[in-house]
>>> print(open('start-v3.cif').read())   # mmCIF, C-alpha atoms
data_model
loop_
_atom_site.group_PDB
_atom_site.id
_atom_site.type_symbol
_atom_site.label_atom_id
_atom_site.label_comp_id
_atom_site.auth_asym_id
_atom_site.auth_seq_id
_atom_site.Cartn_x
_atom_site.Cartn_y
_atom_site.Cartn_z
ATOM 1 C CA MET B 392 -51.915 -26.843 76.336
ATOM 2 C CA SER B 393 -51.194 -30.266 77.842
ATOM 3 C CA SER B 394 -53.475 -31.975 80.350
ATOM 4 C CA LYS B 395 -50.686 -31.856 82.968
ATOM 5 C CA THR B 396 -50.480 -28.085 82.639
ATOM 6 C CA ILE B 397 -54.245 -27.702 82.959
ATOM 7 C CA ILE B 398 -54.240 -29.887 86.093
ATOM 8 C CA ALA B 399 -51.382 -27.865 87.599
ATOM 9 C CA ILE B 400 -53.228 -24.602 86.866
ATOM 10 C CA CYS B 401 -56.362 -25.917 88.599
ATOM 11 C CA ILE B 402 -54.365 -27.121 91.608
ATOM 12 C CA VAL B 403 -52.559 -23.812 92.131
ATOM 13 C CA ALA B 404 -55.663 -21.691 91.514
ATOM 14 C CA VAL B 405 -58.031 -23.717 93.703
ATOM 15 C CA VAL B 406 -55.741 -25.086 96.432
ATOM 16 C CA TRP B 407 -53.964 -21.813 97.213
ATOM 17 C CA GLY B 408 -57.372 -20.164 97.146
ATOM 18 C CA THR B 409 -58.411 -22.441 100.020
ATOM 19 C CA THR B 410 -55.341 -21.958 102.224
ATOM 20 C CA PHE B 411 -56.644 -18.828 103.977
ATOM 21 C CA LEU B 412 -59.816 -20.755 104.809
ATOM 22 C CA GLY B 413 -57.753 -23.711 106.036
ATOM 23 C CA ILE B 414 -55.616 -21.461 108.241
ATOM 24 C CA LYS B 415 -58.699 -19.831 109.765
ATOM 25 C CA ILE B 416 -60.200 -23.219 110.595
ATOM 26 C CA GLY B 417 -56.864 -24.360 112.024
ATOM 27 C CA VAL B 418 -56.399 -21.408 114.385
ATOM 28 C CA GLU B 419 -59.931 -21.786 115.744
ATOM 29 C CA THR B 420 -58.658 -24.285 118.326
ATOM 30 C CA VAL B 421 -54.911 -24.663 117.651
ATOM 31 C CA PRO B 422 -52.397 -21.880 118.520
ATOM 32 C CA PRO B 423 -51.236 -20.241 115.264
ATOM 33 C CA TRP B 424 -47.545 -21.080 115.562
ATOM 34 C CA PHE B 425 -48.508 -24.744 116.027
ATOM 35 C CA VAL B 426 -50.676 -24.550 112.893
ATOM 36 C CA ALA B 427 -47.803 -23.079 110.850
ATOM 37 C CA GLY B 428 -45.123 -25.306 112.380
ATOM 38 C CA LEU B 429 -47.024 -28.572 112.082
ATOM 39 C CA ARG B 430 -47.989 -27.705 108.513
ATOM 40 C CA GLN B 431 -44.401 -27.251 107.352
ATOM 41 C CA PHE B 432 -42.973 -30.080 109.465
ATOM 42 C CA LEU B 433 -45.579 -32.520 108.091
ATOM 43 C CA ALA B 434 -44.751 -31.308 104.573
ATOM 44 C CA ALA B 435 -41.090 -32.201 105.195
ATOM 45 C CA LEU B 436 -42.088 -35.647 106.501
ATOM 46 C CA ILE B 437 -44.153 -36.230 103.352
ATOM 47 C CA LEU B 438 -41.153 -35.412 101.143
ATOM 48 C CA LEU B 439 -38.746 -37.562 103.192
ATOM 49 C CA PRO B 440 -39.847 -41.023 101.901
ATOM 50 C CA ILE B 441 -39.973 -39.649 98.330
ATOM 51 C CA LEU B 442 -36.360 -38.504 98.612
ATOM 52 C CA LEU B 443 -35.297 -41.767 100.264
ATOM 53 C CA TYR B 444 -37.011 -43.890 97.592
ATOM 54 C CA SER B 445 -35.445 -41.880 94.761
ATOM 55 C CA LYS B 446 -32.072 -41.850 96.592
ATOM 56 C CA ASN B 447 -31.960 -38.048 96.405
ATOM 57 C CA LEU B 448 -31.722 -37.336 100.124
ATOM 58 C CA LYS B 449 -28.305 -35.749 100.581
ATOM 59 C CA TRP B 450 -26.451 -32.798 102.047
ATOM 60 C CA ILE B 451 -26.810 -29.741 99.796
ATOM 61 C CA GLY B 452 -23.672 -27.910 100.903
ATOM 62 C CA TRP B 453 -23.337 -24.912 103.197
ATOM 63 C CA ARG B 454 -23.886 -22.292 100.471
ATOM 64 C CA ASN B 455 -27.147 -23.815 99.233
ATOM 65 C CA PHE B 456 -28.177 -24.519 102.828
ATOM 66 C CA ARG B 457 -27.815 -20.808 103.657
ATOM 67 C CA ILE B 458 -29.877 -19.936 100.576
ATOM 68 C CA GLN B 459 -32.645 -22.413 101.454
ATOM 69 C CA THR B 460 -32.804 -21.357 105.108
ATOM 70 C CA THR B 461 -32.903 -17.694 104.074
ATOM 71 C CA LEU B 462 -35.798 -18.403 101.701
ATOM 72 C CA SER B 463 -37.477 -20.476 104.405
ATOM 73 C CA THR B 464 -37.085 -17.656 106.943
ATOM 74 C CA LEU B 465 -38.547 -15.037 104.618
ATOM 75 C CA MET B 466 -41.236 -17.004 102.761
ATOM 76 C CA LEU B 467 -42.335 -19.725 105.188
ATOM 77 C CA ILE B 468 -41.570 -18.419 108.677
ATOM 78 C CA GLY B 469 -41.952 -14.706 107.993
ATOM 79 C CA ALA B 470 -44.690 -14.627 105.341
ATOM 80 C CA ASN B 471 -46.652 -17.827 105.915
ATOM 81 C CA GLY B 472 -46.093 -18.065 109.653
ATOM 82 C CA LEU B 473 -46.969 -14.444 110.430
ATOM 83 C CA THR B 474 -50.006 -14.617 108.134
ATOM 84 C CA THR B 475 -51.193 -17.572 110.204
ATOM 85 C CA VAL B 476 -50.672 -15.558 113.407
ATOM 86 C CA ALA B 477 -52.540 -12.586 111.896
ATOM 87 C CA GLU B 478 -55.560 -14.717 110.992
ATOM 88 C CA GLU B 479 -56.163 -15.404 114.662
ATOM 89 C CA ASN B 480 -57.557 -11.843 114.870
ATOM 90 C CA LEU B 481 -58.575 -11.156 111.249
ATOM 91 C CA THR B 482 -61.176 -12.729 108.999
ATOM 92 C CA SER B 483 -60.073 -15.105 106.270
ATOM 93 C CA SER B 484 -61.516 -12.890 103.527
ATOM 94 C CA LEU B 485 -59.814 -9.727 104.804
ATOM 95 C CA THR B 486 -56.466 -11.512 105.170
ATOM 96 C CA SER B 487 -56.618 -12.873 101.622
ATOM 97 C CA LEU B 488 -57.608 -9.489 100.181
ATOM 98 C CA ILE B 489 -54.832 -7.566 101.938
ATOM 99 C CA SER B 490 -52.380 -10.306 100.955
ATOM 100 C CA ALA B 491 -53.364 -9.663 97.339
ATOM 101 C CA LEU B 492 -51.526 -6.345 97.720
ATOM 102 C CA SER B 493 -48.178 -8.150 97.998
ATOM 103 C CA PRO B 494 -47.241 -7.591 94.300
ATOM 104 C CA ILE B 495 -47.636 -3.852 94.888
ATOM 105 C CA PHE B 496 -45.298 -4.004 97.896
ATOM 106 C CA ILE B 497 -42.843 -6.012 95.798
ATOM 107 C CA PHE B 498 -43.001 -3.515 92.937
ATOM 108 C CA ILE B 499 -42.388 -0.541 95.251
ATOM 109 C CA ALA B 500 -39.411 -2.289 96.855
ATOM 110 C CA SER B 501 -38.082 -3.251 93.405
ATOM 111 C CA MET B 502 -38.282 0.378 92.306
ATOM 112 C CA ALA B 503 -36.354 1.431 95.402
ATOM 113 C CA ILE B 504 -33.405 -0.806 94.468
ATOM 114 C CA GLY B 505 -33.582 -0.098 90.730
ATOM 115 C CA MET B 506 -35.084 -3.414 89.558
ATOM 116 C CA GLU B 507 -38.255 -1.768 88.211
ATOM 117 C CA LYS B 508 -39.009 1.547 86.521
ATOM 118 C CA PHE B 509 -41.852 3.896 87.398
ATOM 119 C CA THR B 510 -44.286 4.535 84.539
ATOM 120 C CA PHE B 511 -47.678 6.152 84.084
ATOM 121 C CA ARG B 512 -49.279 2.700 83.927
ATOM 122 C CA THR B 513 -47.748 1.683 87.255
ATOM 123 C CA MET B 514 -48.940 4.936 88.797
ATOM 124 C CA VAL B 515 -52.505 4.076 87.739
ATOM 125 C CA GLY B 516 -52.101 0.581 89.154
ATOM 126 C CA LEU B 517 -50.775 1.871 92.473
ATOM 127 C CA LEU B 518 -53.618 4.383 92.787
ATOM 128 C CA MET B 519 -56.208 1.681 92.088
ATOM 129 C CA GLY B 520 -54.600 -0.688 94.573
ATOM 130 C CA PHE B 521 -54.506 1.819 97.388
ATOM 131 C CA SER B 522 -58.025 3.039 96.580
ATOM 132 C CA GLY B 523 -59.046 -0.533 97.286
ATOM 133 C CA VAL B 524 -57.494 -0.198 100.749
ATOM 134 C CA VAL B 525 -59.652 2.882 101.334
ATOM 135 C CA PHE B 526 -62.785 0.885 100.507
ATOM 136 C CA ILE B 527 -61.699 -1.929 102.836
ATOM 137 C CA PHE B 528 -61.607 0.372 105.851
ATOM 138 C CA TRP B 529 -64.397 2.721 104.762
ATOM 139 C CA ASP B 530 -66.766 1.375 107.400
ATOM 140 C CA GLY B 531 -64.146 -0.326 109.545
ATOM 141 C CA PHE B 532 -62.317 2.481 111.304
ATOM 142 C CA ASP B 533 -64.045 1.526 114.554
ATOM 143 C CA ASP B 534 -62.389 -1.883 114.302
ATOM 144 C CA LEU B 535 -59.002 -0.166 114.530
ATOM 145 C CA MET B 536 -59.851 0.714 118.128
ATOM 146 C CA ASN B 537 -59.577 -3.004 118.901
ATOM 147 C CA PRO B 538 -55.913 -3.683 119.891
ATOM 148 C CA ASN B 539 -56.097 -7.305 118.698
ATOM 149 C CA TYR B 540 -57.369 -6.146 115.311
ATOM 150 C CA ARG B 541 -54.585 -3.556 115.025
ATOM 151 C CA MET B 542 -51.987 -6.118 116.003
ATOM 152 C CA GLY B 543 -53.352 -8.542 113.397
ATOM 153 C CA LEU B 544 -53.043 -5.895 110.680
ATOM 154 C CA LEU B 545 -49.513 -4.980 111.759
ATOM 155 C CA ILE B 546 -48.416 -8.624 111.735
ATOM 156 C CA LEU B 547 -49.988 -9.131 108.305
ATOM 157 C CA ILE B 548 -48.151 -6.107 106.890
ATOM 158 C CA ILE B 549 -44.863 -7.500 108.229
ATOM 159 C CA ALA B 550 -45.760 -10.834 106.589
ATOM 160 C CA LEU B 551 -46.306 -9.066 103.236
ATOM 161 C CA MET B 552 -42.969 -7.286 103.581
ATOM 162 C CA SER B 553 -41.293 -10.608 104.328
ATOM 163 C CA TRP B 554 -42.860 -12.186 101.238
ATOM 164 C CA GLY B 555 -41.704 -9.218 99.160
ATOM 165 C CA LEU B 556 -38.135 -9.490 100.452
ATOM 166 C CA GLY B 557 -38.142 -13.217 99.758
ATOM 167 C CA THR B 558 -39.387 -12.673 96.213
ATOM 168 C CA ILE B 559 -36.754 -10.009 95.504
ATOM 169 C CA TYR B 560 -34.052 -12.189 97.072
ATOM 170 C CA THR B 561 -35.085 -15.051 94.770
ATOM 171 C CA LYS B 562 -34.831 -12.768 91.738
ATOM 172 C CA LYS B 563 -31.458 -11.393 92.810
ATOM 173 C CA ILE B 564 -29.757 -14.756 93.325
ATOM 174 C CA GLN B 565 -31.406 -16.277 90.220
ATOM 175 C CA LEU B 566 -31.656 -19.649 91.924
ATOM 176 C CA GLU B 567 -32.064 -22.745 89.761
ATOM 177 C CA ASN B 568 -33.876 -25.668 91.365
ATOM 178 C CA HIS B 569 -31.961 -28.703 90.110
ATOM 179 C CA ASN B 570 -33.673 -30.846 92.768
ATOM 180 C CA LEU B 571 -36.856 -29.054 93.801
ATOM 181 C CA PHE B 572 -38.032 -31.708 96.268
ATOM 182 C CA LEU B 573 -34.689 -31.681 98.079
ATOM 183 C CA ASN B 574 -34.614 -27.886 98.388
ATOM 184 C CA LEU B 575 -38.240 -27.810 99.538
ATOM 185 C CA PHE B 576 -37.473 -30.535 102.090
ATOM 186 C CA TYR B 577 -34.800 -28.363 103.692
ATOM 187 C CA GLN B 578 -37.075 -25.303 103.581
ATOM 188 C CA PHE B 579 -40.065 -27.125 105.096
ATOM 189 C CA ALA B 580 -37.981 -28.887 107.754
ATOM 190 C CA PHE B 581 -36.187 -25.700 108.838
ATOM 191 C CA ALA B 582 -39.422 -23.678 108.969
ATOM 192 C CA GLY B 583 -41.286 -26.431 110.793
ATOM 193 C CA ILE B 584 -38.645 -26.799 113.509
ATOM 194 C CA VAL B 585 -38.283 -23.032 114.069
ATOM 195 C CA GLN B 586 -42.038 -22.443 114.121
ATOM 196 C CA LEU B 587 -42.638 -25.296 116.561
ATOM 197 C CA ILE B 588 -40.027 -23.755 118.854
ATOM 198 C CA PHE B 589 -41.932 -20.457 118.567
ATOM 199 C CA ALA B 590 -45.135 -22.349 119.348
ATOM 200 C CA PHE B 591 -43.796 -23.656 122.663
ATOM 201 C CA LEU B 592 -42.260 -20.280 123.536
ATOM 202 C CA PHE B 593 -45.093 -17.921 122.595
ATOM 203 C CA SER B 594 -48.347 -19.880 122.963
ATOM 204 C CA ASP B 595 -50.348 -18.658 125.950
ATOM 205 C CA HIS B 596 -51.558 -22.137 126.791
ATOM 206 C CA ILE B 597 -51.004 -25.546 125.234
ATOM 207 C CA ASP B 598 -53.925 -27.916 125.617
ATOM 208 C CA VAL B 599 -53.811 -30.536 122.877
ATOM 209 C CA SER B 600 -57.066 -32.058 124.139
ATOM 210 C CA ALA B 601 -58.818 -28.819 123.122
ATOM 211 C CA TRP B 602 -57.687 -29.130 119.505
ATOM 212 C CA SER B 603 -60.712 -30.012 117.392
ATOM 213 C CA LEU B 604 -60.684 -32.709 114.721
ATOM 214 C CA LYS B 605 -61.691 -30.057 112.183
ATOM 215 C CA SER B 606 -58.610 -27.957 112.975
ATOM 216 C CA ILE B 607 -56.307 -30.994 112.830
ATOM 217 C CA ILE B 608 -57.718 -32.004 109.435
ATOM 218 C CA ALA B 609 -57.202 -28.419 108.244
ATOM 219 C CA ILE B 610 -53.504 -28.580 109.241
ATOM 220 C CA ILE B 611 -53.060 -31.888 107.407
ATOM 221 C CA TYR B 612 -54.784 -30.412 104.350
ATOM 222 C CA LEU B 613 -52.483 -27.378 104.442
ATOM 223 C CA ALA B 614 -49.417 -29.632 104.652
ATOM 224 C CA VAL B 615 -50.381 -32.063 101.878
ATOM 225 C CA PHE B 616 -52.138 -29.767 99.436
ATOM 226 C CA GLY B 617 -51.218 -26.215 100.431
ATOM 227 C CA SER B 618 -47.493 -26.917 100.782
ATOM 228 C CA VAL B 619 -46.283 -30.048 98.955
ATOM 229 C CA ILE B 620 -48.703 -30.412 96.018
ATOM 230 C CA ALA B 621 -49.319 -26.708 95.389
ATOM 231 C CA PHE B 622 -45.617 -25.773 95.605
ATOM 232 C CA PHE B 623 -44.668 -28.554 93.190
ATOM 233 C CA SER B 624 -47.448 -27.549 90.764
ATOM 234 C CA TYR B 625 -46.415 -23.909 90.994
ATOM 235 C CA HIS B 626 -42.807 -24.651 90.072
ATOM 236 C CA TYR B 627 -43.990 -26.976 87.280
ATOM 237 C CA LEU B 628 -46.010 -24.106 85.806
ATOM 238 C CA LEU B 629 -42.990 -21.818 85.992
ATOM 239 C CA LYS B 630 -41.247 -24.270 83.653
ATOM 240 C CA THR B 631 -44.133 -24.617 81.206
ATOM 241 C CA LEU B 632 -45.655 -21.119 81.150
ATOM 242 C CA LEU B 633 -44.282 -17.628 81.271
ATOM 243 C CA PRO B 634 -43.906 -16.304 84.848
ATOM 244 C CA THR B 635 -46.265 -13.407 84.052
ATOM 245 C CA GLN B 636 -48.904 -15.917 82.960
ATOM 246 C CA VAL B 637 -48.545 -17.869 86.201
ATOM 247 C CA SER B 638 -48.986 -14.633 88.181
ATOM 248 C CA ILE B 639 -52.566 -14.351 86.883
ATOM 249 C CA LEU B 640 -53.512 -17.286 89.131
ATOM 250 C CA SER B 641 -53.012 -15.097 92.218
ATOM 251 C CA TYR B 642 -56.067 -13.072 91.194
ATOM 252 C CA VAL B 643 -58.142 -16.256 90.990
ATOM 253 C CA ASN B 644 -56.837 -17.331 94.414
ATOM 254 C CA THR B 645 -58.155 -14.160 96.038
ATOM 255 C CA ILE B 646 -61.620 -14.499 94.513
ATOM 256 C CA ILE B 647 -61.892 -18.171 95.512
ATOM 257 C CA SER B 648 -60.710 -17.412 99.039
ATOM 258 C CA ILE B 649 -63.231 -14.610 99.567
ATOM 259 C CA PHE B 650 -66.073 -16.704 98.129
ATOM 260 C CA LEU B 651 -65.275 -19.695 100.367
ATOM 261 C CA SER B 652 -64.951 -17.458 103.433
ATOM 262 C CA TRP B 653 -68.486 -16.214 102.774
ATOM 263 C CA LEU B 654 -69.890 -19.649 101.873
ATOM 264 C CA ILE B 655 -68.314 -21.809 104.599
ATOM 265 C CA LEU B 656 -67.412 -19.430 107.437
ATOM 266 C CA GLY B 657 -70.334 -17.052 106.928
ATOM 267 C CA GLU B 658 -68.066 -13.982 106.829
ATOM 268 C CA THR B 659 -69.793 -10.753 105.792
ATOM 269 C CA ILE B 660 -68.859 -9.505 102.329
ATOM 270 C CA SER B 661 -70.170 -5.955 101.865
ATOM 271 C CA ALA B 662 -70.568 -4.026 98.625
ATOM 272 C CA LYS B 663 -67.555 -1.869 99.559
ATOM 273 C CA PHE B 664 -65.525 -5.034 100.139
ATOM 274 C CA ILE B 665 -66.409 -6.225 96.631
ATOM 275 C CA ILE B 666 -65.406 -2.832 95.193
ATOM 276 C CA ALA B 667 -62.136 -3.026 97.152
ATOM 277 C CA THR B 668 -61.495 -6.488 95.696
ATOM 278 C CA ALA B 669 -62.076 -5.219 92.160
ATOM 279 C CA CYS B 670 -59.802 -2.192 92.707
ATOM 280 C CA ILE B 671 -56.941 -4.193 94.225
ATOM 281 C CA ILE B 672 -57.035 -6.996 91.656
ATOM 282 C CA SER B 673 -57.242 -4.459 88.800
ATOM 283 C CA GLY B 674 -54.381 -2.419 90.243
ATOM 284 C CA VAL B 675 -52.124 -5.447 90.659
ATOM 285 C CA PHE B 676 -52.997 -6.644 87.150
ATOM 286 C CA ILE B 677 -52.177 -3.254 85.593
ATOM 287 C CA ILE B 678 -48.799 -3.151 87.345
ATOM 288 C CA ASN B 679 -47.850 -6.713 86.363
ATOM 289 C CA TYR B 680 -49.296 -6.733 82.850
ATOM 290 C CA LYS B 681 -46.903 -7.751 80.112
ATOM 291 C CA PRO B 682 -47.763 -8.182 76.403
ATOM 292 C CA GLY B 683 -48.802 -11.756 75.706
ATOM 293 C CA MET B 684 -49.461 -12.765 79.307
ATOM 294 C CA LEU B 685 -53.092 -13.605 78.503
ATOM 295 C CA LYS B 686 -52.123 -15.990 75.697
ATOM 296 C CA PHE B 687 -51.798 -19.282 77.526
ATOM 297 C CA ARG B 688 -49.700 -21.211 75.057
ATOM 298 C CA LEU B 689 -47.144 -23.776 76.068
ATOM 299 C CA MET B 690 -43.695 -22.341 75.404
ATOM 300 C CA LYS B 691 -41.253 -24.752 73.732
ATOM 301 C CA LYS B 692 -38.234 -23.167 75.316
ATOM 302 C CA TYR B 693 -39.656 -23.938 78.753
ATOM 303 C CA LEU B 694 -40.520 -27.529 77.830
ATOM 304 C CA ASN B 695 -37.025 -28.189 76.541
ATOM 305 C CA ARG B 696 -35.359 -27.326 79.862
#
>>> encode(input="start-v3.cif", output="structure tokens")
Amino acid sequence: MSSKTIIAICIVAVVWGTTFLGIKIGVETVPPWFVAGLRQFLAALILLPILLYSKNLKWIGWRNFRIQTTLSTLMLIGANGLTTVAEENLTSSLTSLISALSPIFIFIASMAIGMEKFTFRTMVGLLMGFSGVVFIFWDGFDDLMNPNYRMGLLILIIALMSWGLGTIYTKKIQLENHNLFLNLFYQFAFAGIVQLIFAFLFSDHIDVSAWSLKSIIAIIYLAVFGSVIAFFSYHYLLKTLLPTQVSILSYVNTIISIFLSWLILGETISAKFIIATACIISGVFIINYKPGMLKFRLMKKYLNR
């Protein structure tokens, strides 16, 4: 395995494991739609000079523009934006753990449209995943009486559904990224503009002077590392490793996120929460397991693309 691949693996595993923490710090003093909008808009601004320098900034055509804005709506505005809104009322660790269920949502939706087949192994995985949900709320049913908590959960579920739809849409169109930076620029710019409009429309109060330096730094971190660097590393890994191998990193992300939420934010991690984490990660792994996915060897056919 090359050093570049190892670096990309570390970036995706660690950086995306810190994004839930970064979002939580951001929404402490900044309205969530501003956190999401500024993150994506800054990511677009970072890509702009790169595209200008390489002379790759150009119009992508109406068909590709519709594809990129659809992906942006589902993955960045719907999934990322609504997750940011949900974290205003949910803990970082809980948000990351529930988000780890997204492959299960994707699999169920894929079965509904005939892209996946139901097997005994997937049944075991689904049962383990949903048993993890039971452990999450074992001692937390009283929290459901809190309307803000319920709203946060509802928004997060919609975010997971949006991510699932975006993933299935990507599979259906079989999109090839001939110029990844250019496509990401359009996605980031579109999401940033729309989310900033939402921020001005839906924020209860806008007081920039109340935004803490810590929250602002968190937004910049999310833009530079969580969006630009992590997205580029992720797509690089998709070219050098099998997609099923790359999917393993999502399990590492969840563990890192929960650990950092406990270490830095002081969030309570109970024994039942740990059991829920084990059940959900095991369930998702069982559903997504493919022979050879644990053998991290660089595939020549991916390098020759």
>>> resolve_selection(input="start-v3.cif", expression="the PyMOL selection byres ((chain B and resi 579-581) around 10)", output="MDAnalysis selection string")
chainID B and resid 428:436 438:439 459:461 463:464 467:468 573:578 582:586 614 618:619
>>> residues_around(input="start-v3.cif", residues="stretch 665-670 of chain B", least_positions_apart="6", cutoff="7 Å", atoms="only C-alpha atoms", output="ChimeraX atom specification")
/B:488,519-520,522-524,526-527
>>> write_last_selection(input="start-v3.cif", atoms="C-alpha atoms", output="PDB file, in the frame of the given file")
ATOM      1  CA  LEU B 488     -57.608  -9.489 100.181  1.00  0.00           C
ATOM      2  CA  MET B 519     -56.208   1.681  92.088  1.00  0.00           C
ATOM      3  CA  GLY B 520     -54.600  -0.688  94.573  1.00  0.00           C
ATOM      4  CA  SER B 522     -58.025   3.039  96.580  1.00  0.00           C
ATOM      5  CA  GLY B 523     -59.046  -0.533  97.286  1.00  0.00           C
ATOM      6  CA  VAL B 524     -57.494  -0.198 100.749  1.00  0.00           C
ATOM      7  CA  PHE B 526     -62.785   0.885 100.507  1.00  0.00           C
ATOM      8  CA  ILE B 527     -61.699  -1.929 102.836  1.00  0.00           C
TER       9      ILE B 527
END
>>> resolve_selection(input="start-v3.cif", expression="the PyMOL selection byres ((chain B and resi 489-496) around 7)", output="PyMOL selection string")
chain B and resi 485-488+497-500+517+551-552+555+645+671+675
>>> closest_residue(input="start-v3.cif", among="B:Asn471, B:Ser600, B:Asn539, B:Ser484", to="B:Ile646", atoms="only C-alpha atoms")
B:Ser484
>>> closest_atom_pairs(input="start-v3.cif", of="stretch 563-654 of chain B", to="stretch 396-410 of chain B", cutoff="7 Å", atoms="all atoms listed in the file", output="tab-separated table")
residue	atom	partner	partner_atom	distance
B:Leu613	CA	B:Thr410	CA	6.5
B:Phe616	CA	B:Val406	CA	6.6
B:Gly617	CA	B:Trp407	CA	6.1
B:Ala621	CA	B:Val403	CA	5.4
B:Ser624	CA	B:Ala399	CA	5.1
B:Tyr625	CA	B:Val403	CA	6.2
B:Leu628	CA	B:Thr396	CA	6.8
B:Leu640	CA	B:Ala404	CA	5.5
B:Val643	CA	B:Ala404	CA	6.0
B:Asn644	CA	B:Gly408	CA	4.0
B:Thr645	CA	B:Gly408	CA	6.2
B:Ile647	CA	B:Gly408	CA	5.2
B:Ser648	CA	B:Gly408	CA	4.7
>>> axis_aligned_box(input="start-v3.cif", around="stretch 585-593 of chain B", padding_each_side="3 Å", output="AutoDock Vina command-line options")
--center_x -41.7 --center_y -21.6 --center_z 118.8 --size_x 12.9 --size_y 13.4 --size_z 15.5
>>> closest_residue(input="start-v3.cif", among="B:Ser661, B:Ser553, B:Thr510, B:Asn679", to="B:Phe528", atoms="all atoms listed in the file")
B:Ser661
>>> resolve_selection(input="start-v3.cif", expression="the PyMOL selection byres ((chain B and resi 610) around 9)", output="PDB file with C-alpha atoms, keeping the file's coordinate frame")
ATOM      1  CA  GLY B 413     -57.753 -23.711 106.036  1.00  0.00           C
ATOM      2  CA  ILE B 414     -55.616 -21.461 108.241  1.00  0.00           C
ATOM      3  CA  ILE B 416     -60.200 -23.219 110.595  1.00  0.00           C
ATOM      4  CA  GLY B 417     -56.864 -24.360 112.024  1.00  0.00           C
ATOM      5  CA  VAL B 426     -50.676 -24.550 112.893  1.00  0.00           C
ATOM      6  CA  ALA B 427     -47.803 -23.079 110.850  1.00  0.00           C
ATOM      7  CA  LEU B 429     -47.024 -28.572 112.082  1.00  0.00           C
ATOM      8  CA  ARG B 430     -47.989 -27.705 108.513  1.00  0.00           C
ATOM      9  CA  LEU B 433     -45.579 -32.520 108.091  1.00  0.00           C
ATOM     10  CA  LYS B 605     -61.691 -30.057 112.183  1.00  0.00           C
ATOM     11  CA  SER B 606     -58.610 -27.957 112.975  1.00  0.00           C
ATOM     12  CA  ILE B 607     -56.307 -30.994 112.830  1.00  0.00           C
ATOM     13  CA  ILE B 608     -57.718 -32.004 109.435  1.00  0.00           C
ATOM     14  CA  ALA B 609     -57.202 -28.419 108.244  1.00  0.00           C
ATOM     15  CA  ILE B 611     -53.060 -31.888 107.407  1.00  0.00           C
ATOM     16  CA  TYR B 612     -54.784 -30.412 104.350  1.00  0.00           C
ATOM     17  CA  LEU B 613     -52.483 -27.378 104.442  1.00  0.00           C
ATOM     18  CA  ALA B 614     -49.417 -29.632 104.652  1.00  0.00           C
ATOM     19  CA  VAL B 615     -50.381 -32.063 101.878  1.00  0.00           C
TER      20      VAL B 615
END
>>> residues_near_point(input="start-v3.cif", point="(-66.4, -19.1, 104.3)", cutoff="10 Å", atoms="only C-alpha atoms", output="ChimeraX atom specification")
/B:409,411-413,415-416,482-484,647-659
>>> write_last_selection(input="start-v3.cif", atoms="C-alpha atoms", output="PDB file, in the coordinates of the input")
ATOM      1  CA  THR B 409     -58.411 -22.441 100.020  1.00  0.00           C
ATOM      2  CA  PHE B 411     -56.644 -18.828 103.977  1.00  0.00           C
ATOM      3  CA  LEU B 412     -59.816 -20.755 104.809  1.00  0.00           C
ATOM      4  CA  GLY B 413     -57.753 -23.711 106.036  1.00  0.00           C
ATOM      5  CA  LYS B 415     -58.699 -19.831 109.765  1.00  0.00           C
ATOM      6  CA  ILE B 416     -60.200 -23.219 110.595  1.00  0.00           C
ATOM      7  CA  THR B 482     -61.176 -12.729 108.999  1.00  0.00           C
ATOM      8  CA  SER B 483     -60.073 -15.105 106.270  1.00  0.00           C
ATOM      9  CA  SER B 484     -61.516 -12.890 103.527  1.00  0.00           C
ATOM     10  CA  ILE B 647     -61.892 -18.171  95.512  1.00  0.00           C
ATOM     11  CA  SER B 648     -60.710 -17.412  99.039  1.00  0.00           C
ATOM     12  CA  ILE B 649     -63.231 -14.610  99.567  1.00  0.00           C
ATOM     13  CA  PHE B 650     -66.073 -16.704  98.129  1.00  0.00           C
ATOM     14  CA  LEU B 651     -65.275 -19.695 100.367  1.00  0.00           C
ATOM     15  CA  SER B 652     -64.951 -17.458 103.433  1.00  0.00           C
ATOM     16  CA  TRP B 653     -68.486 -16.214 102.774  1.00  0.00           C
ATOM     17  CA  LEU B 654     -69.890 -19.649 101.873  1.00  0.00           C
ATOM     18  CA  ILE B 655     -68.314 -21.809 104.599  1.00  0.00           C
ATOM     19  CA  LEU B 656     -67.412 -19.430 107.437  1.00  0.00           C
ATOM     20  CA  GLY B 657     -70.334 -17.052 106.928  1.00  0.00           C
ATOM     21  CA  GLU B 658     -68.066 -13.982 106.829  1.00  0.00           C
ATOM     22  CA  THR B 659     -69.793 -10.753 105.792  1.00  0.00           C
TER      23      THR B 659
END
>>> closest_residue(input="start-v3.cif", among="B:Lys663, B:Arg512, B:His626, B:Arg541", to="B:Tyr680", atoms="all atoms listed in the file")
B:Arg512
>>> closest_residue(input="start-v3.cif", among="B:Lys395, B:Leu535, B:Met502, B:Trp424", to="B:Phe591", atoms="all atoms listed in the file")
B:Trp424
>>> closest_residue(input="start-v3.cif", among="B:Leu518, B:Ala503, B:Val525, B:Ile564", to="B:Phe664", atoms="all atoms listed in the file")
B:Val525
>>> atom_distance(input="start-v3.cif", atom1="atom CA of B:Asn537", atom2="atom CA of B:Trp554")
26.0 Å
>>> residues_around(input="start-v3.cif", residues="B:Val599", least_positions_apart="2", cutoff="10 Å", atoms="all atoms listed in the file", output="PyMOL selection string")
chain B and resi 420-422+596-597+601-603
>>> atom_distance(input="start-v3.cif", atom1="atom CA of B:Leu462", atom2="atom CA of B:Thr561")
7.7 Å
>>> closest_residue(input="start-v3.cif", among="B:Ser393, B:Leu473, B:Leu481, B:Asn570", to="B:Asn455", atoms="only C-alpha atoms")
B:Asn570
>>> atom_distance(input="start-v3.cif", atom1="atom CA of B:Phe521", atom2="atom CA of B:Tyr642")
16.2 Å
